file upload-v5.txt (compact mmCIF, C-alpha atoms)
# COMPACT_ATOMS: atom_id res chain seq x y z
CA MET K 952 10.29 -25.72 74.27
CA ASN K 953 6.64 -26.69 74.75
CA LEU K 954 3.61 -24.78 73.49
CA PHE K 955 2.94 -23.25 76.88
CA SER K 956 6.36 -21.65 77.11
CA ILE K 957 6.07 -20.33 73.54
CA LEU K 958 2.75 -18.65 74.39
CA LEU K 959 4.24 -17.05 77.47
CA GLN K 960 7.43 -15.99 75.73
CA GLU K 961 8.08 -12.29 76.06
CA GLY K 962 9.79 -10.55 73.18
CA PRO K 963 9.60 -7.56 70.90
CA ALA K 964 6.28 -6.94 69.18
CA GLU K 965 6.09 -7.75 65.45
CA THR K 966 6.07 -4.21 64.02
CA THR K 967 8.22 -4.61 60.89
CA ASN K 968 5.42 -3.42 58.59
CA TYR K 969 5.14 -0.14 60.48
CA MET K 970 8.89 0.37 60.23
CA ILE K 971 8.77 -0.22 56.46
CA LEU K 972 5.85 2.20 56.17
CA GLY K 973 7.70 4.79 58.26
CA TYR K 974 10.87 4.69 56.16
CA THR K 975 8.86 4.64 52.93
CA VAL K 976 7.27 7.93 53.99
CA ILE K 977 10.59 9.42 55.15
CA PHE K 978 12.53 8.59 51.97
CA GLY K 979 9.49 9.02 49.68
CA VAL K 980 8.74 12.59 50.78
CA LEU K 981 12.45 13.47 50.65
CA ALA K 982 12.66 12.10 47.09
CA ILE K 983 9.54 14.05 46.02
CA TYR K 984 11.02 17.24 47.48
CA LEU K 985 14.34 16.70 45.70
CA ILE K 986 12.52 16.12 42.40
CA SER K 987 10.44 19.27 42.95
CA LEU K 988 13.63 21.30 43.54
CA TYR K 989 15.15 19.92 40.35
CA VAL K 990 12.04 20.54 38.22
CA ARG K 991 11.51 24.08 39.53
CA ASN K 992 15.17 24.89 38.94
CA ARG K 993 15.02 23.59 35.38
CA ASN K 994 11.81 25.49 34.60
CA LEU K 995 13.14 28.73 36.06
CA LYS K 996 16.36 28.42 34.06
CA HIS K 997 14.33 27.98 30.86
CA GLU K 998 12.19 30.98 31.76
CA ALA K 999 15.22 33.13 32.62
CA ASP K 1000 16.86 32.27 29.28
CA LEU K 1001 13.68 33.10 27.40
CA LEU K 1002 13.17 36.40 29.22
CA GLU K 1003 16.81 37.39 28.67
CA GLN K 1004 16.38 36.69 24.97
CA LEU K 1005 13.22 38.81 24.86
CA GLU K 1006 15.04 41.58 26.72
CA GLN K 1007 17.87 41.54 24.18
CA GLU K 1008 15.38 41.65 21.30
CA ASP K 1009 13.61 44.57 22.96
CA GLU K 1010 16.87 46.45 23.37
CA ALA K 1011 17.86 45.76 19.77
CA ARG K 1012 14.45 47.02 18.56
CA GLU K 1013 14.73 50.19 20.66
CA GLN K 1014 18.23 50.85 19.30
CA ALA K 1015 16.97 50.35 15.74
CA ILE K 1016 14.08 52.76 16.34
CA SER K 1017 16.33 55.41 17.92
CA ALA K 1018 18.86 55.01 15.08
CA GLY K 1019 16.03 55.43 12.57
CA THR K 1020 14.81 58.58 14.34
CA THR K 1021 18.32 60.04 14.40
CA SER K 1022 18.89 59.44 10.69
CA THR K 1023 15.47 60.94 9.82
CA SER K 1024 16.12 64.07 11.88
CA SER K 1025 19.63 64.46 10.42
CA MET K 1026 18.15 64.20 6.90
CA GLN K 1027 15.57 66.88 7.81
CA ASN K 1028 18.39 69.10 9.13
CA ALA K 1029 20.34 68.63 5.88
CA ASN K 1030 17.28 69.70 3.85
CA MET Z 1037 22.12 33.82 40.64
CA GLU Z 1038 25.40 32.09 39.98
CA ALA Z 1039 24.89 30.23 36.72
CA GLN Z 1040 27.48 27.61 37.60
CA LYS Z 1041 26.92 25.28 40.53
CA PRO Z 1042 29.72 25.86 43.08
CA LYS Z 1043 32.12 22.97 43.56
CA ALA Z 1044 31.65 23.19 47.32
CA LEU Z 1045 27.95 22.53 46.84
CA THR Z 1046 28.68 19.43 44.76
CA VAL Z 1047 31.02 18.21 47.51
CA LEU Z 1048 28.31 18.90 50.09
CA ASP Z 1049 25.80 16.95 47.97
CA ILE Z 1050 28.11 13.92 47.97
CA ILE Z 1051 28.83 14.22 51.71
CA SER Z 1052 25.09 14.46 52.44
CA VAL Z 1053 24.27 11.34 50.42
CA LEU Z 1054 27.08 9.40 52.11
CA LEU Z 1055 25.99 10.57 55.57
CA VAL Z 1056 22.35 9.61 54.96
CA ALA Z 1057 23.51 6.17 53.76
CA ALA Z 1058 25.74 5.77 56.83
CA ALA Z 1059 22.92 6.87 59.14
CA ALA Z 1060 20.58 4.32 57.49
CA VAL Z 1061 23.19 1.59 58.01
CA MET Z 1062 23.46 2.57 61.68
CA VAL Z 1063 19.67 2.59 62.09
CA PHE Z 1064 19.14 -0.83 60.51
CA PHE Z 1065 22.33 -2.72 61.43
CA TYR Z 1066 24.06 -0.99 64.33
CA ALA Z 1067 21.27 0.08 66.67
CA PRO Z 1068 19.89 -2.90 68.60
CA LEU Z 1069 16.32 -4.10 68.35
CA GLU Z 1070 14.21 -2.45 71.04
CA ALA Z 1071 12.94 -5.05 73.50
CA VAL Z 1072 9.25 -4.09 73.59
CA MET Z 1073 8.30 -2.17 70.45
CA GLY Z 1074 10.44 -4.15 68.04
CA GLN Z 1075 11.36 -2.88 64.57
CA VAL Z 1076 9.08 0.16 64.55
CA GLN Z 1077 11.31 1.81 67.14
CA ARG Z 1078 13.88 2.30 64.35
CA VAL Z 1079 11.57 4.96 62.88
CA PHE Z 1080 12.40 7.05 65.93
CA TYR Z 1081 15.96 7.92 64.75
CA PHE Z 1082 14.89 9.65 61.54
CA HIS Z 1083 11.66 10.91 63.13
CA ILE Z 1084 13.58 12.92 65.69
CA ALA Z 1085 16.11 14.08 63.06
CA ASN Z 1086 13.27 15.32 60.84
CA ALA Z 1087 11.66 17.15 63.75
CA TRP Z 1088 15.04 18.75 64.58
CA VAL Z 1089 15.52 19.99 61.01
CA GLY Z 1090 11.96 21.33 61.05
CA MET Z 1091 12.58 23.37 64.17
CA LEU Z 1092 16.04 24.44 63.00
CA GLY Z 1093 14.64 25.82 59.75
CA PHE Z 1094 11.85 27.71 61.47
CA GLY Z 1095 14.54 29.28 63.69
CA VAL Z 1096 16.68 30.19 60.66
CA ALA Z 1097 13.61 31.78 59.03
CA ALA Z 1098 12.94 33.88 62.15
CA ILE Z 1099 16.58 35.06 62.16
CA ALA Z 1100 16.30 35.90 58.45
CA GLY Z 1101 13.09 37.80 59.25
CA ILE Z 1102 14.87 39.89 61.88
CA ALA Z 1103 17.75 40.51 59.46
CA TYR Z 1104 15.31 41.68 56.76
CA LEU Z 1105 13.53 44.08 59.11
CA ARG Z 1106 16.89 45.53 60.15
CA THR Z 1107 18.45 45.84 56.68
CA GLY Z 1108 15.57 45.84 54.19
CA ASN Z 1109 17.69 43.62 51.94
CA LEU Z 1110 15.53 41.21 49.91
CA LYS Z 1111 18.18 38.49 50.08
CA TRP Z 1112 16.99 37.81 53.65
CA ASP Z 1113 13.49 37.18 52.35
CA VAL Z 1114 14.86 34.59 49.92
CA ARG Z 1115 16.74 32.94 52.79
CA GLY Z 1116 13.71 33.00 55.05
CA VAL Z 1117 11.33 31.37 52.59
CA ALA Z 1118 13.98 28.76 51.73
CA ALA Z 1119 14.29 27.75 55.38
CA VAL Z 1120 10.53 27.60 55.88
CA GLU Z 1121 9.92 25.48 52.80
CA ILE Z 1122 12.50 22.85 53.79
CA SER Z 1123 11.29 22.83 57.37
CA VAL Z 1124 7.64 22.42 56.41
CA VAL Z 1125 8.63 19.29 54.42
CA PHE Z 1126 10.76 17.81 57.21
CA PHE Z 1127 8.33 18.68 59.98
CA PHE Z 1128 5.53 17.07 57.97
CA VAL Z 1129 7.63 13.88 57.73
CA ALA Z 1130 8.28 14.04 61.48
CA ILE Z 1131 4.55 14.26 62.21
CA VAL Z 1132 3.61 11.44 59.80
CA SER Z 1133 6.45 9.13 60.91
CA GLY Z 1134 5.51 9.81 64.53
CA SER Z 1135 1.94 8.85 63.74
CA ILE Z 1136 3.14 5.58 62.17
CA TRP Z 1137 5.19 4.84 65.28
CA ALA Z 1138 2.20 5.70 67.50
CA ARG Z 1139 -0.10 3.12 65.89
CA PRO Z 1140 1.61 0.07 67.46
CA ALA Z 1141 2.95 1.97 70.49
CA TRP Z 1142 -0.23 3.81 71.55
CA ASN Z 1143 -2.73 1.76 69.55
CA THR Z 1144 -3.88 4.86 67.68
CA TRP Z 1145 -2.64 6.89 64.68
CA TRP Z 1146 -3.35 10.22 66.29
CA ILE Z 1147 -4.32 11.67 69.64
CA TRP Z 1148 -4.93 15.33 70.49
CA ASP Z 1149 -2.07 15.30 72.93
CA VAL Z 1150 -0.33 18.61 73.76
CA ARG Z 1151 2.85 17.71 71.81
CA LEU Z 1152 1.07 16.38 68.74
CA THR Z 1153 -1.35 19.30 68.70
CA SER Z 1154 1.34 21.97 69.14
CA ALA Z 1155 3.45 20.31 66.42
CA ALA Z 1156 0.47 20.22 64.05
CA ILE Z 1157 -0.26 23.90 64.77
CA ALA Z 1158 3.38 24.86 64.10
CA GLU Z 1159 3.28 22.96 60.81
CA LEU Z 1160 0.02 24.63 59.76
CA ILE Z 1161 1.32 28.10 60.71
CA PHE Z 1162 4.33 27.74 58.41
CA ALA Z 1163 2.41 25.96 55.63
CA ALA Z 1164 0.00 28.93 55.69
CA TYR Z 1165 3.00 31.28 55.42
CA LEU Z 1166 3.97 29.67 52.11
CA LEU Z 1167 0.42 29.98 50.78
CA LEU Z 1168 -0.19 33.54 52.00
CA ARG Z 1169 3.06 34.81 50.48
CA GLN Z 1170 1.84 33.85 47.04
CA GLY Z 1171 -1.04 36.31 47.33
CA ILE Z 1172 1.26 39.34 47.67
CA GLU Z 1173 2.75 40.63 44.41
CA ASP Z 1174 4.91 43.51 45.63
CA PRO Z 1175 8.26 41.93 46.65
CA GLU Z 1176 8.96 44.40 49.45
CA ARG Z 1177 5.51 44.09 50.98
CA ARG Z 1178 5.78 40.31 50.70
CA ALA Z 1179 9.18 40.32 52.39
CA ARG Z 1180 7.95 42.57 55.21
CA PHE Z 1181 4.93 40.35 55.76
CA GLY Z 1182 7.12 37.22 55.64
CA ALA Z 1183 9.59 38.62 58.14
CA VAL Z 1184 6.95 39.56 60.72
CA TYR Z 1185 5.08 36.29 60.14
CA THR Z 1186 8.12 34.04 60.63
CA ILE Z 1187 9.17 35.88 63.79
CA LEU Z 1188 5.68 35.52 65.29
CA GLY Z 1189 5.29 31.98 63.91
CA PHE Z 1190 8.53 30.92 65.57
CA ILE Z 1191 6.85 31.30 68.97
CA SER Z 1192 5.12 27.97 68.21
CA VAL Z 1193 8.50 26.17 68.06
CA PRO Z 1194 9.67 26.56 71.70
CA ILE Z 1195 6.08 25.88 72.78
CA THR Z 1196 6.19 22.57 70.87
CA PHE Z 1197 9.62 21.73 72.30
CA VAL Z 1198 8.85 22.42 75.96
CA SER Z 1199 5.25 21.19 75.91
CA ILE Z 1200 6.22 17.63 76.80
CA ARG Z 1201 8.52 18.83 79.56
CA LEU Z 1202 6.07 21.18 81.25
CA LEU Z 1203 2.71 19.52 80.70
CA GLN Z 1204 1.40 16.02 81.22
CA THR Z 1205 1.58 14.20 77.91
CA ILE Z 1206 1.58 10.77 76.36
CA HIS Z 1207 4.58 11.65 74.15
CA PRO Z 1208 7.93 10.30 75.44
CA VAL Z 1209 10.58 12.82 76.47
CA VAL Z 1210 13.63 11.41 74.72
CA ILE Z 1211 16.33 13.90 75.66
CA GLY Z 1212 16.57 14.57 79.37
CA GLY Z 1213 13.34 12.73 80.11
CA GLY Z 1214 14.61 9.30 81.14
CA GLY Z 1215 12.40 7.52 78.62
CA GLY Z 1216 9.12 8.56 80.21
CA GLY Z 1217 5.70 8.75 78.50
CA GLU Z 1218 3.79 6.01 76.73
CA GLY Z 1219 6.18 4.05 74.56
CA GLY Z 1220 9.23 5.65 76.11
CA PHE Z 1221 12.39 3.60 76.36
CA ALA Z 1222 15.81 3.79 77.96
CA MET Z 1223 18.44 4.13 75.25
CA THR Z 1224 21.55 2.01 75.13
CA PRO Z 1225 24.85 3.63 73.98
CA PRO Z 1226 24.49 2.33 70.37
CA MET Z 1227 20.96 3.79 70.27
CA LEU Z 1228 22.22 7.14 71.53
CA GLN Z 1229 25.09 7.13 69.02
CA THR Z 1230 22.67 6.36 66.20
CA MET Z 1231 20.34 9.13 67.31
CA PHE Z 1232 23.08 11.76 67.52
CA PHE Z 1233 24.59 10.63 64.21
CA SER Z 1234 21.15 10.96 62.60
CA LEU Z 1235 20.77 14.46 64.06
CA PHE Z 1236 24.20 15.42 62.69
CA THR Z 1237 23.41 13.89 59.29
CA PHE Z 1238 20.13 15.73 58.95
CA SER Z 1239 21.77 18.99 60.00
CA ILE Z 1240 24.25 18.62 57.13
CA LEU Z 1241 21.41 17.60 54.80
CA PHE Z 1242 19.55 20.75 55.84
CA ILE Z 1243 22.55 22.94 55.00
CA ASP Z 1244 22.85 21.24 51.61
CA LEU Z 1245 19.16 21.58 50.75
CA TYR Z 1246 19.11 25.13 52.09
CA TRP Z 1247 21.95 26.13 49.79
CA HIS Z 1248 20.10 24.63 46.81
CA ARG Z 1249 16.83 26.29 47.82
CA VAL Z 1250 18.48 29.72 48.28
CA ARG Z 1251 19.99 29.41 44.79
CA LEU Z 1252 16.54 28.54 43.47
CA GLY Z 1253 15.10 31.57 45.28
CA ASN Z 1254 17.74 33.84 43.75
CA LEU Z 1255 16.91 32.49 40.30
CA SER Z 1256 13.21 33.04 40.97
CA SER Z 1257 13.92 36.67 42.00
CA LYS Z 1258 15.90 37.20 38.81
CA VAL Z 1259 13.01 35.86 36.70
CA GLU Z 1260 10.56 38.09 38.59
CA GLN Z 1261 12.73 41.17 37.93
CA LEU Z 1262 13.06 40.32 34.24
CA ARG Z 1263 9.29 39.90 33.99
CA LEU Z 1264 8.68 43.29 35.62
CA LYS Z 1265 11.27 44.93 33.36
CA LEU Z 1266 9.67 43.53 30.22
CA ALA Z 1267 6.15 44.43 31.38
CA ARG Z 1268 7.09 48.14 31.61

call {"tool": "encode", "arguments": {"input": "upload-v5.txt", "output": "structure tokens"}}
result
Amino acid sequence: MNLFSILLQEGPAETTNYMILGYTVIFGVLAIYLISLYVRNRNLKHEADLLEQLEQEDEAREQAISAGTTSTSSMQNAN
Amino acid sequence: MEAQKPKALTVLDIISVLLVAAAAVMVFFYAPLEAVMGQVQRVFYFHIANAWVGMLGFGVAAIAGIAYLRTGNLKWDVRGVAAVEISVVFFFVAIVSGSIWARPAWNTWWIWDVRLTSAAIAELIFAAYLLLRQGIEDPERRARFGAVYTILGFISVPITFVSIRLLQTIHPVVIGGGGGGEGGFAMTPPMLQTMFFSLFTFSILFIDLYWHRVRLGNLSSKVEQLRLKLAR
């Protein structure tokens, strides 16, 4: 094959770099989204656990207060 | 929210990963090299699959919006926002990957063509939906706003889809267009098989991600309710 025929040769354009860039974006954004789902899920679980704990403490405190009120009023009644 | 991850969801996770791997193998090793554009044409398979998932999710969100307006059940709001979020991500990838393909095919990264413009508008409409929601504190008001917004926003999707079929455009019409437009190409059977397999794969991936995102939304609602309860 001489130089002339090489220059006139028709073939696919050299676009490999664009393909690599394209798939880097496709898989990169998908990976970032998956990580964001995981992180948000983990943070929300932590927050839910914490809030449930606070709720239980609140309920326990309210029960203790109401029990204290009941015993005080029963003592007053006895007097 | 269910504390334990359902087994079916784990199975779906595995199936999704395997399907994406199989689709990638088909794209890189099964589909032939396109005669004019070369390797960059391989971006097309996942580009179209991303665009499909984007449009699918916007449709699901509109259906969820209608369901919320009919029932008033907040679970539809959770489902609507889940669909929009996933679709905004996938549609963004479709737009960017299309732009990367356009650089060697059209000799430009971007052109204000009717398809590209309508796709960008659809993306911005739904990205704005995610931002605007955050400004509304009352869950019912937010859900009502979201429902109406997604239904109206969905109008942009058929406009984007039919734009290249009704108006003169540089964008190739891949399905039912005979490979017209700038950079259009006639697909061989292996190319078609790869394209449809990619569409199927991304549909399954959407279902998988949607399930995860709905679970996340349910957890978020639970946290919001606990916060309101403790604030009283």

call {"tool": "residues_around", "arguments": {"input": "upload-v5.txt", "residues": "Val1129 in chain Z", "least_positions_apart": "3", "cutoff": "7 Å", "atoms": "only C-alpha atoms", "output": "VMD selection string"}}
result
(chain K and resid 977) or (chain Z and resid 1086 1125 to 1126 1132 to 1133)

call {"tool": "residues_near_point", "arguments": {"input": "upload-v5.txt", "point": "(2.3, 8.5, 62.9)", "cutoff": "10 Å", "atoms": "only C-alpha atoms", "output": "list in words"}}
result
Tyr969, Leu972 and Gly973 of chain K; Val1079, His1083, Val1129, Ala1130, Ile1131, Val1132, Ser1133, Gly1134, Ser1135, Ile1136, Trp1137, Ala1138, Arg1139, Pro1140, Thr1144, Trp1145, Trp1146, Ile1147 and Leu1152 of chain Z

call {"tool": "closest_residue", "arguments": {"input": "upload-v5.txt", "among": "Z:Phe1082, Z:Phe1065, Z:Trp1142, Z:Phe1236", "to": "chain K", "atoms": "only C-alpha atoms"}}
result
Z:Phe1082

call {"tool": "interface_residues", "arguments": {"input": "upload-v5.txt", "of": "chain K", "to": "chain Z", "cutoff": "10 Å", "atoms": "all atoms listed in the file", "output": "compact mmCIF listing (two decimals) with C-alpha atoms, in the frame of the given file"}}
result
# COMPACT_ATOMS: atom_id res chain seq x y z
CA GLU K 961 8.08 -12.29 76.06
CA GLY K 962 9.79 -10.55 73.18
CA PRO K 963 9.60 -7.56 70.90
CA ALA K 964 6.28 -6.94 69.18
CA GLU K 965 6.09 -7.75 65.45
CA THR K 966 6.07 -4.21 64.02
CA THR K 967 8.22 -4.61 60.89
CA ASN K 968 5.42 -3.42 58.59
CA TYR K 969 5.14 -0.14 60.48
CA MET K 970 8.89 0.37 60.23
CA ILE K 971 8.77 -0.22 56.46
CA LEU K 972 5.85 2.20 56.17
CA GLY K 973 7.70 4.79 58.26
CA TYR K 974 10.87 4.69 56.16
CA THR K 975 8.86 4.64 52.93
CA VAL K 976 7.27 7.93 53.99
CA ILE K 977 10.59 9.42 55.15
CA PHE K 978 12.53 8.59 51.97
CA GLY K 979 9.49 9.02 49.68
CA VAL K 980 8.74 12.59 50.78
CA LEU K 981 12.45 13.47 50.65
CA ILE K 983 9.54 14.05 46.02
CA TYR K 984 11.02 17.24 47.48
CA LEU K 985 14.34 16.70 45.70
CA LEU K 988 13.63 21.30 43.54
CA TYR K 989 15.15 19.92 40.35
CA ARG K 991 11.51 24.08 39.53
CA ASN K 992 15.17 24.89 38.94
CA ARG K 993 15.02 23.59 35.38
CA ASN K 994 11.81 25.49 34.60
CA LEU K 995 13.14 28.73 36.06
CA LYS K 996 16.36 28.42 34.06
CA HIS K 997 14.33 27.98 30.86
CA GLU K 998 12.19 30.98 31.76
CA ALA K 999 15.22 33.13 32.62
CA ASP K 1000 16.86 32.27 29.28
CA LEU K 1001 13.68 33.10 27.40
CA LEU K 1002 13.17 36.40 29.22
CA GLU K 1003 16.81 37.39 28.67
CA LEU K 1005 13.22 38.81 24.86
CA GLU K 1006 15.04 41.58 26.72
CA ASP K 1009 13.61 44.57 22.96

call {"tool": "atom_distance", "arguments": {"input": "upload-v5.txt", "atom1": "CA of Ala1057 in chain Z", "atom2": "CA of Leu1241 in chain Z"}}
result
11.7 Å

call {"tool": "atom_distance", "arguments": {"input": "upload-v5.txt", "atom1": "CA of Arg1180 in chain Z", "atom2": "CA of Ala1087 in chain Z"}}
result
27.1 Å

call {"tool": "build_atoms", "arguments": {"input": "upload-v5.txt", "residues": "range 969-992 of chain K", "atoms": "N, CA and C atoms", "output": "CSV table (one decimal), keeping the file's coordinate frame"}}
result
chain,number,residue,atom,x,y,z
K,969,TYR,N,5.2,-1.6,60.1
K,969,TYR,CA,5.1,-0.1,60.5
K,969,TYR,C,6.5,0.5,60.2
K,970,MET,N,7.6,-0.2,60.5
K,970,MET,CA,8.9,0.4,60.2
K,970,MET,C,9.1,0.6,58.7
K,971,ILE,N,8.7,-0.4,57.9
K,971,ILE,CA,8.8,-0.2,56.5
K,971,ILE,C,7.9,1.0,56.0
K,972,LEU,N,6.7,1.1,56.5
K,972,LEU,CA,5.8,2.2,56.2
K,972,LEU,C,6.5,3.5,56.6
K,973,GLY,N,7.0,3.6,57.8
K,973,GLY,CA,7.7,4.8,58.3
K,973,GLY,C,8.8,5.2,57.4
K,974,TYR,N,9.7,4.3,57.0
K,974,TYR,CA,10.9,4.7,56.2
K,974,TYR,C,10.5,4.9,54.7
K,975,THR,N,9.4,4.3,54.3
K,975,THR,CA,8.9,4.6,52.9
K,975,THR,C,8.4,6.1,52.9
K,976,VAL,N,7.7,6.5,53.9
K,976,VAL,CA,7.3,7.9,54.0
K,976,VAL,C,8.5,8.9,54.1
K,977,ILE,N,9.4,8.5,54.9
K,977,ILE,CA,10.6,9.4,55.2
K,977,ILE,C,11.4,9.6,53.8
K,978,PHE,N,11.7,8.5,53.2
K,978,PHE,CA,12.5,8.6,52.0
K,978,PHE,C,11.7,9.0,50.8
K,979,GLY,N,10.4,8.6,50.8
K,979,GLY,CA,9.5,9.0,49.7
K,979,GLY,C,9.3,10.5,49.6
K,980,VAL,N,9.0,11.1,50.8
K,980,VAL,CA,8.7,12.6,50.8
K,980,VAL,C,10.0,13.3,50.4
K,981,LEU,N,11.2,12.8,51.0
K,981,LEU,CA,12.4,13.5,50.6
K,981,LEU,C,12.7,13.4,49.1
K,982,ALA,N,12.4,12.3,48.5
K,982,ALA,CA,12.7,12.1,47.1
K,982,ALA,C,11.7,13.0,46.3
K,983,ILE,N,10.5,13.1,46.7
K,983,ILE,CA,9.5,14.0,46.0
K,983,ILE,C,10.0,15.5,46.1
K,984,TYR,N,10.5,15.9,47.3
K,984,TYR,CA,11.0,17.2,47.5
K,984,TYR,C,12.2,17.5,46.6
K,985,LEU,N,13.1,16.5,46.5
K,985,LEU,CA,14.3,16.7,45.7
K,985,LEU,C,13.9,16.8,44.2
K,986,ILE,N,13.0,16.0,43.8
K,986,ILE,CA,12.5,16.1,42.4
K,986,ILE,C,11.9,17.5,42.2
K,987,SER,N,11.1,18.0,43.1
K,987,SER,CA,10.4,19.3,43.0
K,987,SER,C,11.5,20.4,42.8
K,988,LEU,N,12.6,20.3,43.6
K,988,LEU,CA,13.6,21.3,43.5
K,988,LEU,C,14.3,21.3,42.2
K,989,TYR,N,14.5,20.1,41.7
K,989,TYR,CA,15.2,19.9,40.4
K,989,TYR,C,14.3,20.5,39.2
K,990,VAL,N,13.0,20.1,39.3
K,990,VAL,CA,12.0,20.5,38.2
K,990,VAL,C,11.9,22.1,38.2
K,991,ARG,N,11.7,22.6,39.4
K,991,ARG,CA,11.5,24.1,39.5
K,991,ARG,C,12.8,24.8,39.0
K,992,ASN,N,13.9,24.3,39.4
K,992,ASN,CA,15.2,24.9,38.9
K,992,ASN,C,15.3,24.9,37.4
